[in-house]
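*Asks:* The following block contains the structure, expressed as C-alpha coordinates.
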Amino acid sequence: MSGVSRIKEFNLPDLGEGLTEGEILAWLVKEGDTIELNQPIVEVETAKAAVEIPAKWAGQVRSIFHPEGSTVEVGTPIIAIDTDPGAGPVEASTTGAPSADLPTPSAASLAAVEIAPAEGMVEPGLIGGVAPGGRTAVLVGYGPRNAPAKRRPRKGASPERPAATPAASVSPVPAPAPAPATAPVTAAAAVAATTTVNGNGRPGGLVLAKPPVRKLAKDLGVDLGSLSGSGPLGSITREDVQRAASGTATATEPPTVAAPATSAAAFGADREQRIPVKGVRRLTAENMSRSAFTAPHVTEFLTVDVTRTMKALDRLRGRREWRDVRVSPLLLVAKAVLLAVRRHPMVNSTWAGDEIVVKEYVNLGIAAATERGLIVPNIKDAGRLTLRELADALTDLVQTAKAGRTSPADMSGGTLTITNVGVFGVDTGTPILPPGESAILAFGAVREMPWVHKGKVRPRQVTTLGLSFDHRIIDGELGSKFLRDIGDFLADPEAALLAWT
(Lines give C-alpha, C1' and ligand atoms only; values in the text may rest on other atoms or scores of the structure.)
Protein backbone atom coordinates (compact mmCIF):
# COMPACT_ATOMS: atom_id res chain seq x y z
CA MET A 1 0.00 0.00 0.00
CA SER A 2 1.42 3.38 -0.96
CA GLY A 3 2.09 6.06 1.64
CA VAL A 4 -0.54 8.33 0.09
CA SER A 5 -3.35 5.78 0.48
CA ARG A 6 -2.16 4.72 3.94
CA ILE A 7 -2.40 8.16 5.53
CA LYS A 8 -6.01 9.21 6.04
CA GLU A 9 -6.92 12.73 7.10
CA PHE A 10 -10.04 12.89 9.26
CA ASN A 11 -12.09 16.06 8.78
CA LEU A 12 -14.27 17.63 11.48
CA PRO A 13 -17.74 16.25 10.63
CA ASP A 14 -21.03 18.10 10.52
CA LEU A 15 -22.60 17.21 13.86
CA GLY A 16 -26.07 18.21 12.72
CA GLU A 17 -28.40 21.22 13.00
CA GLY A 18 -26.35 23.18 10.45
CA LEU A 19 -23.40 23.77 12.79
CA THR A 20 -20.41 25.32 11.02
CA GLU A 21 -17.61 25.04 13.59
CA GLY A 22 -16.56 23.45 16.84
CA GLU A 23 -14.01 23.97 19.60
CA ILE A 24 -11.58 21.16 20.42
CA LEU A 25 -11.97 20.63 24.15
CA ALA A 26 -9.69 17.62 24.62
CA TRP A 27 -7.77 15.11 22.56
CA LEU A 28 -8.42 11.57 23.80
CA VAL A 29 -5.42 10.20 21.87
CA LYS A 30 -1.89 11.42 21.11
CA GLU A 31 0.52 11.01 18.25
CA GLY A 32 1.84 7.45 18.04
CA ASP A 33 -1.22 5.87 19.73
CA THR A 34 -2.79 2.82 18.16
CA ILE A 35 -6.55 3.28 17.82
CA GLU A 36 -9.48 1.09 16.89
CA LEU A 37 -12.43 1.70 14.61
CA ASN A 38 -15.10 3.90 16.30
CA GLN A 39 -12.82 4.61 19.26
CA PRO A 40 -13.48 8.14 20.65
CA ILE A 41 -10.51 10.30 19.66
CA VAL A 42 -11.52 13.89 20.41
CA GLU A 43 -14.08 15.84 22.45
CA VAL A 44 -15.54 18.79 20.56
CA GLU A 45 -17.86 21.51 21.83
CA THR A 46 -20.29 22.84 19.27
CA ALA A 47 -22.74 25.67 19.69
CA LYS A 48 -25.12 23.20 21.31
CA ALA A 49 -23.21 20.54 23.21
CA ALA A 50 -19.93 18.77 23.90
CA VAL A 51 -19.65 15.48 22.00
CA GLU A 52 -17.04 12.78 21.55
CA ILE A 53 -16.15 11.99 17.93
CA PRO A 54 -15.14 8.39 17.06
CA ALA A 55 -12.41 7.36 14.61
CA LYS A 56 -13.43 6.41 11.07
CA TRP A 57 -10.44 4.10 10.66
CA ALA A 58 -8.30 1.85 12.79
CA GLY A 59 -4.55 2.43 12.77
CA GLN A 60 -1.92 4.69 14.33
CA VAL A 61 -2.22 8.41 15.01
CA ARG A 62 0.37 10.11 12.83
CA SER A 63 -0.41 13.83 13.25
CA ILE A 64 -2.75 16.06 15.23
CA PHE A 65 -3.34 19.30 13.34
CA HIS A 66 -5.09 21.49 15.90
CA PRO A 67 -4.36 21.86 19.64
CA GLU A 68 -6.91 21.84 22.43
CA GLY A 69 -8.81 25.11 22.71
CA SER A 70 -8.73 25.92 18.99
CA THR A 71 -11.91 26.54 16.98
CA VAL A 72 -12.11 24.55 13.75
CA GLU A 73 -14.56 24.86 10.86
CA VAL A 74 -16.55 21.85 9.71
CA GLY A 75 -14.70 19.99 6.96
CA THR A 76 -11.22 20.97 8.18
CA PRO A 77 -8.70 18.11 8.72
CA ILE A 78 -8.04 17.63 12.43
CA ILE A 79 -6.02 14.40 12.58
CA ALA A 80 -4.04 12.07 10.29
CA ILE A 81 -4.21 8.30 10.80
CA ASP A 82 -1.86 5.69 9.35
CA THR A 83 -4.23 2.85 8.46
CA ASP A 84 -1.41 0.32 7.88
CA PRO A 85 1.36 1.07 10.38
CA GLY A 86 2.84 -2.44 10.00
CA ALA A 87 3.84 -1.77 6.39
CA GLY A 88 6.92 0.18 7.42
CA PRO A 89 7.84 3.87 7.35
CA VAL A 90 6.06 6.19 4.97
CA GLU A 91 8.19 7.66 2.19
CA ALA A 92 9.14 11.28 2.74
CA SER A 93 7.95 12.33 -0.70
CA THR A 94 4.47 11.09 0.03
CA THR A 95 4.10 13.01 3.25
CA GLY A 96 5.19 16.38 1.95
CA ALA A 97 8.44 16.43 3.97
CA PRO A 98 11.27 18.50 2.49
CA SER A 99 13.96 16.58 0.60
CA ALA A 100 17.26 16.11 2.39
CA ASP A 101 19.19 16.71 -0.87
CA LEU A 102 18.13 20.35 -1.13
CA PRO A 103 20.66 22.80 0.35
CA THR A 104 19.54 24.93 3.25
CA PRO A 105 19.89 28.68 2.46
CA SER A 106 22.04 30.65 4.85
CA ALA A 107 20.80 33.62 6.84
CA ALA A 108 23.09 35.95 4.92
CA SER A 109 21.74 34.82 1.57
CA LEU A 110 18.17 35.26 2.76
CA ALA A 111 18.93 38.76 4.04
CA ALA A 112 20.42 39.74 0.68
CA VAL A 113 17.27 38.88 -1.23
CA GLU A 114 15.30 41.96 -2.30
CA ILE A 115 11.57 41.64 -2.74
CA ALA A 116 10.01 43.90 -5.33
CA PRO A 117 6.90 45.72 -4.11
CA ALA A 118 3.65 44.47 -5.55
CA GLU A 119 1.76 46.60 -8.00
CA GLY A 120 -0.30 49.27 -6.29
CA MET A 121 1.74 49.17 -3.06
CA VAL A 122 2.99 52.39 -1.56
CA GLU A 123 5.91 53.09 0.67
CA PRO A 124 5.65 53.44 4.44
CA GLY A 125 5.27 57.05 5.50
CA LEU A 126 2.88 57.92 2.66
CA ILE A 127 -0.79 58.48 3.26
CA GLY A 128 -2.20 55.13 2.27
CA GLY A 129 1.07 53.37 3.14
CA VAL A 130 1.49 50.68 5.72
CA ALA A 131 1.42 52.00 9.23
CA PRO A 132 2.91 50.19 12.25
CA GLY A 133 1.03 46.97 12.87
CA GLY A 134 0.20 46.48 9.18
CA ARG A 135 -2.65 49.01 9.13
CA THR A 136 -3.24 51.37 6.26
CA ALA A 137 -2.81 54.97 7.36
CA VAL A 138 -6.10 56.42 6.14
CA LEU A 139 -8.32 59.11 7.63
CA VAL A 140 -11.86 58.08 8.43
CA GLY A 141 -14.12 58.77 5.47
CA TYR A 142 -11.30 59.07 2.93
CA GLY A 143 -9.54 56.53 0.76
CA PRO A 144 -5.77 56.08 0.53
CA ARG A 145 -3.79 58.78 -1.27
CA ASN A 146 -0.26 58.14 -2.44
CA ALA A 147 1.22 61.45 -1.36
CA PRO A 148 3.91 62.30 1.20
CA ALA A 149 2.42 62.82 4.65
CA LYS A 150 2.88 66.33 6.02
CA ARG A 151 3.00 67.17 9.68
CA ARG A 152 1.49 70.38 10.91
CA PRO A 153 4.05 72.46 12.86
CA ARG A 154 3.41 72.83 16.56
CA LYS A 155 1.94 76.06 17.76
CA GLY A 156 4.70 78.51 18.62
CA ALA A 157 7.45 76.29 17.25
CA SER A 158 9.84 77.27 14.51
CA PRO A 159 8.91 76.05 11.03
CA GLU A 160 10.42 72.82 9.80
CA ARG A 161 13.76 73.07 8.21
CA PRO A 162 13.94 71.98 4.57
CA ALA A 163 15.46 68.62 3.85
CA ALA A 164 19.19 68.60 3.34
CA THR A 165 20.41 68.56 -0.29
CA PRO A 166 23.77 67.41 -1.65
CA ALA A 167 26.62 69.82 -0.80
CA ALA A 168 27.59 70.27 -4.45
CA SER A 169 24.31 71.96 -5.23
CA VAL A 170 24.47 74.46 -2.38
CA SER A 171 25.77 77.94 -3.24
CA PRO A 172 27.62 79.88 -0.53
CA VAL A 173 25.56 82.43 1.36
CA PRO A 174 27.27 85.49 2.88
CA ALA A 175 27.11 85.71 6.65
CA PRO A 176 24.77 88.42 8.02
CA ALA A 177 26.34 91.62 9.28
CA PRO A 178 26.71 91.79 13.05
CA ALA A 179 24.08 93.79 14.91
CA PRO A 180 25.16 97.08 16.48
CA ALA A 181 26.23 96.74 20.07
CA THR A 182 23.60 97.92 22.52
CA ALA A 183 23.10 97.65 26.20
CA PRO A 184 22.08 94.07 27.05
CA VAL A 185 18.43 93.84 28.01
CA THR A 186 17.05 90.61 29.42
CA ALA A 187 13.65 89.29 28.43
CA ALA A 188 12.42 89.48 32.02
CA ALA A 189 13.42 93.12 32.26
CA ALA A 190 11.70 93.90 29.00
CA VAL A 191 8.47 92.35 30.26
CA ALA A 192 8.74 94.19 33.54
CA ALA A 193 9.27 97.48 31.75
CA THR A 194 6.27 97.15 29.49
CA THR A 195 3.76 95.04 31.39
CA THR A 196 1.70 95.65 34.49
CA VAL A 197 0.67 92.95 36.91
CA ASN A 198 -2.93 92.28 37.97
CA GLY A 199 -4.23 91.12 41.32
CA ASN A 200 -3.50 87.48 40.50
CA GLY A 201 0.16 88.13 39.96
CA ARG A 202 -0.26 87.57 36.21
CA PRO A 203 0.80 90.04 33.52
CA GLY A 204 -1.87 92.59 32.77
CA GLY A 205 -4.57 91.32 30.47
CA LEU A 206 -3.88 87.65 31.21
CA VAL A 207 -6.97 87.02 33.30
CA LEU A 208 -8.39 83.53 33.77
CA ALA A 209 -12.17 83.77 33.53
CA LYS A 210 -14.86 81.96 31.60
CA PRO A 211 -16.88 83.91 28.98
CA PRO A 212 -20.04 84.06 31.15
CA VAL A 213 -17.96 85.52 33.99
CA ARG A 214 -16.42 88.10 31.65
CA LYS A 215 -19.87 89.15 30.44
CA LEU A 216 -21.11 89.46 34.04
CA ALA A 217 -18.12 91.65 34.91
CA LYS A 218 -18.74 93.85 31.90
CA ASP A 219 -22.43 94.24 32.78
CA LEU A 220 -21.56 95.14 36.40
CA GLY A 221 -18.64 97.41 35.50
CA VAL A 222 -16.03 95.32 37.32
CA ASP A 223 -12.39 95.34 36.19
CA LEU A 224 -11.31 91.71 36.10
CA GLY A 225 -7.62 92.71 36.18
CA SER A 226 -8.03 94.11 39.69
CA LEU A 227 -9.51 90.94 41.18
CA SER A 228 -7.90 87.98 42.90
CA GLY A 229 -9.57 84.81 41.64
CA SER A 230 -10.69 82.09 44.02
CA GLY A 231 -11.28 79.43 41.34
CA PRO A 232 -8.99 76.70 40.05
CA LEU A 233 -5.51 77.97 39.12
CA GLY A 234 -6.54 81.46 40.27
CA SER A 235 -9.41 81.82 37.84
CA ILE A 236 -12.09 84.38 38.56
CA THR A 237 -15.56 83.05 39.39
CA ARG A 238 -19.02 84.60 39.34
CA GLU A 239 -18.85 84.97 43.13
CA ASP A 240 -15.64 87.00 42.84
CA VAL A 241 -17.29 89.39 40.39
CA GLN A 242 -20.45 89.72 42.49
CA ARG A 243 -18.44 90.44 45.66
CA ALA A 244 -16.47 93.10 43.80
CA ALA A 245 -19.65 94.69 42.49
CA SER A 246 -21.12 94.86 46.01
CA GLY A 247 -17.89 96.29 47.45
CA THR A 248 -17.08 93.22 49.58
CA ALA A 249 -14.29 91.78 47.46
CA THR A 250 -11.45 90.43 49.55
CA ALA A 251 -8.07 89.23 48.59
CA THR A 252 -7.77 85.53 48.45
CA GLU A 253 -4.75 83.38 48.59
CA PRO A 254 -3.85 81.53 45.43
CA PRO A 255 -5.40 78.08 45.44
CA THR A 256 -3.19 75.17 46.25
CA VAL A 257 -3.19 72.19 43.95
CA ALA A 258 -3.58 68.92 45.85
CA ALA A 259 -0.81 66.43 45.26
CA PRO A 260 -1.95 63.30 43.47
CA ALA A 261 -2.66 60.39 45.77
CA THR A 262 0.15 57.88 45.70
CA SER A 263 -2.14 54.95 46.48
CA ALA A 264 -4.90 55.76 44.01
CA ALA A 265 -6.71 52.68 42.72
CA ALA A 266 -5.85 51.68 39.18
CA PHE A 267 -8.63 50.72 36.80
CA GLY A 268 -6.92 49.02 33.90
CA ALA A 269 -6.83 45.87 31.84
CA ASP A 270 -4.77 44.08 34.48
CA ARG A 271 -7.86 44.10 36.74
CA GLU A 272 -10.30 42.94 34.07
CA GLN A 273 -11.20 39.51 32.82
CA ARG A 274 -12.16 38.92 29.19
CA ILE A 275 -14.16 35.76 28.49
CA PRO A 276 -14.49 34.67 24.85
CA VAL A 277 -18.12 34.29 23.78
CA LYS A 278 -18.30 30.99 21.93
CA GLY A 279 -19.95 27.61 21.90
CA VAL A 280 -23.05 27.20 24.05
CA ARG A 281 -22.82 30.70 25.47
CA ARG A 282 -22.74 32.33 22.04
CA LEU A 283 -25.67 30.27 20.77
CA THR A 284 -27.69 31.12 23.90
CA ALA A 285 -26.98 34.83 23.46
CA GLU A 286 -27.99 34.76 19.80
CA ASN A 287 -31.18 32.80 20.51
CA MET A 288 -32.26 34.99 23.42
CA SER A 289 -31.63 38.21 21.49
CA ARG A 290 -33.52 36.94 18.46
CA SER A 291 -36.45 35.75 20.56
CA ALA A 292 -36.67 38.85 22.77
CA PHE A 293 -36.84 41.20 19.76
CA THR A 294 -39.00 38.98 17.52
CA ALA A 295 -41.78 37.49 19.65
CA PRO A 296 -43.89 39.97 21.69
CA HIS A 297 -43.53 38.57 25.20
CA VAL A 298 -46.24 38.70 27.89
CA THR A 299 -45.65 37.31 31.38
CA GLU A 300 -48.30 36.41 33.96
CA PHE A 301 -47.80 35.24 37.55
CA LEU A 302 -49.76 32.96 39.85
CA THR A 303 -49.07 32.16 43.51
CA VAL A 304 -50.25 28.66 44.48
CA ASP A 305 -50.65 26.68 47.69
CA VAL A 306 -48.79 23.44 46.81
CA THR A 307 -49.05 21.77 50.20
CA ARG A 308 -51.07 18.86 48.77
CA THR A 309 -48.52 18.42 45.98
CA MET A 310 -45.69 18.13 48.52
CA LYS A 311 -47.68 15.59 50.53
CA ALA A 312 -48.43 13.62 47.37
CA LEU A 313 -44.71 13.46 46.61
CA ASP A 314 -44.04 12.12 50.11
CA ARG A 315 -46.62 9.36 49.63
CA LEU A 316 -45.16 8.56 46.22
CA ARG A 317 -41.64 8.20 47.65
CA GLY A 318 -42.99 5.81 50.25
CA ARG A 319 -44.33 3.32 47.71
CA ARG A 320 -42.17 0.25 47.15
CA GLU A 321 -41.95 0.59 43.36
CA TRP A 322 -40.86 4.24 43.64
CA ARG A 323 -38.14 3.93 46.28
CA ASP A 324 -35.28 3.96 43.73
CA VAL A 325 -36.78 6.78 41.65
CA ARG A 326 -35.80 10.43 41.98
CA VAL A 327 -39.01 12.26 42.89
CA SER A 328 -38.98 16.07 42.98
CA PRO A 329 -41.60 18.83 42.72
CA LEU A 330 -40.46 19.37 39.12
CA LEU A 331 -41.96 15.99 38.24
CA LEU A 332 -45.49 17.05 39.14
CA VAL A 333 -44.98 20.50 37.58
CA ALA A 334 -44.06 18.77 34.31
CA LYS A 335 -47.13 16.54 34.60
CA ALA A 336 -49.31 19.57 35.24
CA VAL A 337 -47.95 21.31 32.12
CA LEU A 338 -48.55 18.23 29.94
CA LEU A 339 -52.13 17.87 31.13
CA ALA A 340 -52.80 21.60 30.66
CA VAL A 341 -51.49 21.38 27.07
CA ARG A 342 -54.12 18.69 26.34
CA ARG A 343 -56.79 21.13 27.48
CA HIS A 344 -55.26 24.09 25.58
CA PRO A 345 -53.37 22.69 22.54
CA MET A 346 -52.84 26.12 20.95
CA VAL A 347 -50.19 26.80 23.62
CA ASN A 348 -48.01 24.10 22.05
CA SER A 349 -47.51 25.83 18.70
CA THR A 350 -45.08 27.81 16.56
CA TRP A 351 -45.42 31.07 14.64
CA ALA A 352 -44.51 30.39 10.99
CA GLY A 353 -45.08 33.78 9.40
CA ASP A 354 -48.32 33.35 7.47
CA GLU A 355 -49.55 30.42 9.58
CA ILE A 356 -49.52 28.94 13.08
CA VAL A 357 -48.27 25.36 13.42
CA VAL A 358 -50.08 23.55 16.24
CA LYS A 359 -48.16 20.43 17.30
CA GLU A 360 -49.84 17.29 18.55
CA TYR A 361 -46.69 16.14 20.32
CA VAL A 362 -44.93 17.82 23.24
CA ASN A 363 -41.14 17.85 23.29
CA LEU A 364 -40.84 19.19 26.82
CA GLY A 365 -37.71 21.29 27.35
CA ILE A 366 -36.05 21.55 30.76
CA ALA A 367 -33.63 24.46 31.13
CA ALA A 368 -30.38 23.28 32.73
CA ALA A 369 -27.45 25.38 33.94
CA THR A 370 -24.12 23.72 33.14
CA GLU A 371 -20.46 24.74 33.37
CA ARG A 372 -20.56 25.67 29.67
CA GLY A 373 -23.72 27.76 29.97
CA LEU A 374 -27.48 27.37 29.75
CA ILE A 375 -28.81 24.48 27.66
CA VAL A 376 -32.37 23.31 27.09
CA PRO A 377 -32.55 19.60 26.32
CA ASN A 378 -36.02 18.21 25.83
CA ILE A 379 -37.93 15.00 26.48
CA LYS A 380 -39.29 13.78 23.17
CA ASP A 381 -43.05 13.17 23.01
CA ALA A 382 -43.34 13.63 26.77
CA GLY A 383 -47.16 13.64 26.67
CA ARG A 384 -47.20 9.89 25.92
CA LEU A 385 -45.12 8.95 28.98
CA THR A 386 -46.47 7.57 32.23
CA LEU A 387 -45.55 9.34 35.45
CA ARG A 388 -42.82 6.76 36.18
CA GLU A 389 -41.41 7.06 32.64
CA LEU A 390 -41.47 10.85 32.94
CA ALA A 391 -39.55 10.64 36.24
CA ASP A 392 -36.88 8.40 34.67
CA ALA A 393 -36.59 10.71 31.64
CA LEU A 394 -36.13 13.78 33.88
CA THR A 395 -33.45 12.04 35.92
CA ASP A 396 -31.54 10.95 32.81
CA LEU A 397 -31.83 14.42 31.26
CA VAL A 398 -30.45 16.18 34.35
CA GLN A 399 -27.57 13.74 34.87
CA THR A 400 -26.55 13.87 31.21
CA ALA A 401 -26.60 17.69 31.22
CA LYS A 402 -24.49 17.91 34.41
CA ALA A 403 -21.94 15.52 32.88
CA GLY A 404 -21.76 17.69 29.75
CA ARG A 405 -22.86 14.81 27.49
CA THR A 406 -26.07 16.25 26.08
CA SER A 407 -26.15 15.67 22.33
CA PRO A 408 -27.35 18.24 19.77
CA ALA A 409 -30.29 15.97 18.92
CA ASP A 410 -31.49 16.15 22.54
CA MET A 411 -31.62 19.94 22.31
CA SER A 412 -33.43 20.25 19.00
CA GLY A 413 -37.14 20.23 18.28
CA GLY A 414 -38.39 21.57 21.62
CA THR A 415 -42.00 22.77 21.71
CA LEU A 416 -42.52 24.04 25.29
CA THR A 417 -40.09 24.67 28.17
CA ILE A 418 -39.93 24.70 31.98
CA THR A 419 -37.20 26.59 33.81
CA ASN A 420 -36.81 25.62 37.47
CA VAL A 421 -35.45 28.86 38.98
CA GLY A 422 -36.60 27.70 42.41
CA VAL A 423 -33.45 25.58 42.83
CA PHE A 424 -31.54 28.86 43.19
CA GLY A 425 -33.89 30.14 45.91
CA VAL A 426 -35.65 32.54 43.51
CA ASP A 427 -39.42 33.05 43.78
CA THR A 428 -40.04 33.40 40.04
CA GLY A 429 -38.92 35.26 36.92
CA THR A 430 -39.88 36.55 33.48
CA PRO A 431 -38.25 33.93 31.23
CA ILE A 432 -37.47 34.54 27.55
CA LEU A 433 -38.98 32.14 25.04
CA PRO A 434 -36.68 29.71 23.25
CA PRO A 435 -36.86 30.41 19.50
CA GLY A 436 -39.74 28.57 17.84
CA GLU A 437 -41.72 28.06 21.06
CA SER A 438 -44.76 29.95 22.23
CA ALA A 439 -44.67 29.41 26.01
CA ILE A 440 -42.19 28.89 28.85
CA LEU A 441 -43.01 28.35 32.54
CA ALA A 442 -40.81 29.55 35.43
CA PHE A 443 -41.21 27.39 38.55
CA GLY A 444 -40.18 29.27 41.71
CA ALA A 445 -38.99 28.13 45.11
CA VAL A 446 -41.44 26.36 47.43
CA ARG A 447 -41.56 28.22 50.75
CA GLU A 448 -43.54 27.84 53.96
CA MET A 449 -45.68 30.96 54.26
CA PRO A 450 -48.79 32.11 56.13
CA TRP A 451 -51.82 31.29 54.00
CA VAL A 452 -55.56 31.47 54.51
CA HIS A 453 -56.74 27.83 54.49
CA LYS A 454 -60.34 26.91 55.42
CA GLY A 455 -60.94 30.34 56.92
CA LYS A 456 -57.83 30.37 59.11
CA VAL A 457 -54.28 31.60 58.63
CA ARG A 458 -52.02 28.58 58.62
CA PRO A 459 -48.44 27.83 57.52
CA ARG A 460 -48.62 26.32 54.02
CA GLN A 461 -46.20 25.35 51.25
CA VAL A 462 -46.46 28.08 48.60
CA THR A 463 -44.79 28.74 45.24
CA THR A 464 -45.09 31.32 42.47
CA LEU A 465 -45.36 30.45 38.78
CA GLY A 466 -44.40 32.79 35.95
CA LEU A 467 -45.65 32.09 32.42
CA SER A 468 -44.18 33.96 29.43
CA PHE A 469 -45.93 33.49 26.08
CA ASP A 470 -45.89 34.74 22.50
CA HIS A 471 -48.74 37.24 22.28
CA ARG A 472 -49.00 36.71 18.52
CA ILE A 473 -50.34 33.21 19.23
CA ILE A 474 -51.58 33.23 22.81
CA ASP A 475 -53.88 36.01 23.91
CA GLY A 476 -54.50 37.00 27.52
CA GLU A 477 -57.48 34.69 27.96
CA LEU A 478 -55.73 31.57 26.69
CA GLY A 479 -52.54 32.31 28.65
CA SER A 480 -54.51 32.89 31.85
CA LYS A 481 -56.54 29.69 31.49
CA PHE A 482 -53.42 27.65 30.79
CA LEU A 483 -51.64 29.05 33.86
CA ARG A 484 -54.76 28.60 36.00
CA ASP A 485 -55.00 24.91 35.06
CA ILE A 486 -51.37 24.33 36.03
CA GLY A 487 -52.06 26.01 39.36
CA ASP A 488 -55.22 23.96 39.93
CA PHE A 489 -53.28 20.72 39.37
CA LEU A 490 -50.55 21.70 41.82
CA ALA A 491 -53.11 22.81 44.41
CA ASP A 492 -54.81 19.37 44.35
CA PRO A 493 -53.08 16.86 42.02
CA GLU A 494 -55.25 13.86 42.92
CA ALA A 495 -58.50 15.71 42.17
CA ALA A 496 -57.11 17.10 38.89
CA LEU A 497 -56.03 13.66 37.71
CA LEU A 498 -59.48 12.24 38.45
CA ALA A 499 -61.24 15.16 36.73
CA TRP A 500 -59.03 15.47 33.61
CA THR A 501 -58.05 11.91 32.78
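Chain identifiers are assigned as A, B, and so on, following the order in which chains appear in the C-alpha coordinates; residues are numbered from 1 within each chain, and ligands are numbered from 1 in order of appearance.
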Sort by chain and increasing residue number a table of all residues of stretch 347-450 of chain A within 7 Å of stretch 290-294 of chain A, each with its closest pair of atoms and their distance in Å to one decimal, counting only C-alpha atoms, and write it as a tab-separated table.

*Replies:*
```
residue	atom	partner	partner_atom	distance
A:Ile432	CA	A:Ala292	CA	6.5
A:Leu433	CA	A:Ser291	CA	6.3
A:Pro434	CA	A:Ser291	CA	6.6
A:Pro435	CA	A:Ser291	CA	5.5
```

*Asks:* Produce a file of the selected residues containing N, CA and C atoms, as an mmCIF file, in the first residue's frame.

*Replies:*
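Writing done, so here's part-v3.cif:
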```
data_model
loop_
_atom_site.group_PDB
_atom_site.id
_atom_site.type_symbol
_atom_site.label_atom_id
_atom_site.label_comp_id
_atom_site.auth_asym_id
_atom_site.auth_seq_id
_atom_site.Cartn_x
_atom_site.Cartn_y
_atom_site.Cartn_z
ATOM 1 N N ILE A 432 -37.414 34.240 28.983
ATOM 2 C CA ILE A 432 -37.470 34.536 27.550
ATOM 3 C C ILE A 432 -37.736 33.242 26.791
ATOM 4 N N LEU A 433 -38.591 33.326 25.806
ATOM 5 C CA LEU A 433 -38.976 32.141 25.035
ATOM 6 C C LEU A 433 -37.807 31.595 24.230
ATOM 7 N N PRO A 434 -37.605 30.286 24.229
ATOM 8 C CA PRO A 434 -36.676 29.708 23.255
ATOM 9 C C PRO A 434 -37.231 29.919 21.849
ATOM 10 N N PRO A 435 -36.370 30.177 20.867
ATOM 11 C CA PRO A 435 -36.865 30.411 19.502
ATOM 12 C C PRO A 435 -37.713 29.254 18.996
#
```

*Asks:* Name the residues in contact with A:Pro85 at a cut-off of 12 Å, using only C-alpha atoms, excluding same-chain residues fewer than 2 positions from it; report them as a PyMOL selection string.

*Replies:* chain A and resi 1-3+5-8+32-35+58-62+81-83+87-90

*Asks:* Which parts of stretch 233-471 of chain A does DSSP call helix (DSSP H, G or I) when run on the backbone here, written out as a PyMOL selection string?

*Replies:* chain A and resi 233-234+238-245+269-271+279-292+307-318+320-322+329-343+345-347+382-384+387-402+408-411+421-424

*Asks:* Rounded to one decimal, what separation in Å do you get between atom CA of A:Pro13 and atom CA of A:Pro54?

*Replies:*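 Computed distance, atom CA of A:Pro13 to atom CA of A:Pro54, equals 10.5 Å.
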
*Asks:* Could you name the residues that touch A:Ile356 at 10 Å or less, counting only C-alpha atoms, but leaving out those on the same chain fewer than 4 positions away, as JSON, numbers by chain?

*Replies:* {"A": [346, 349, 350, 351, 352, 472, 473]}

*Asks:* Choose the residue, out of A:Thr307, A:Thr76, A:Ser228, A:Asn348, that has the smallest atom-to-atom separation from A:Met449; count only C-alpha atoms.

*Replies:*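 The closest residue to A:Met449 is A:Thr307.
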
*Asks:* How far is it from atom CA of A:Val446 to atom CA of A:Thr464, in Å with one decimal?

*Replies:* 7.9 Å

*Asks:* Might you pull out every residue within 9 Å of stretch 372-379 of chain A, with only C-alpha atoms counted and same-chain residues fewer than 3 positions away left off, and present them as a ChimeraX atom specification?

*Replies:* /A:48-49,279-281,284,362-369,382,390,393-394,397-398,401,404,406-417,419,434

*Asks:* To one decimal place, how far is atom CA of A:Leu490 from atom CA of A:Leu332 in Å?

*Replies:*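 Separation between atom CA of A:Leu490 and atom CA of A:Leu332: 7.4 Å.
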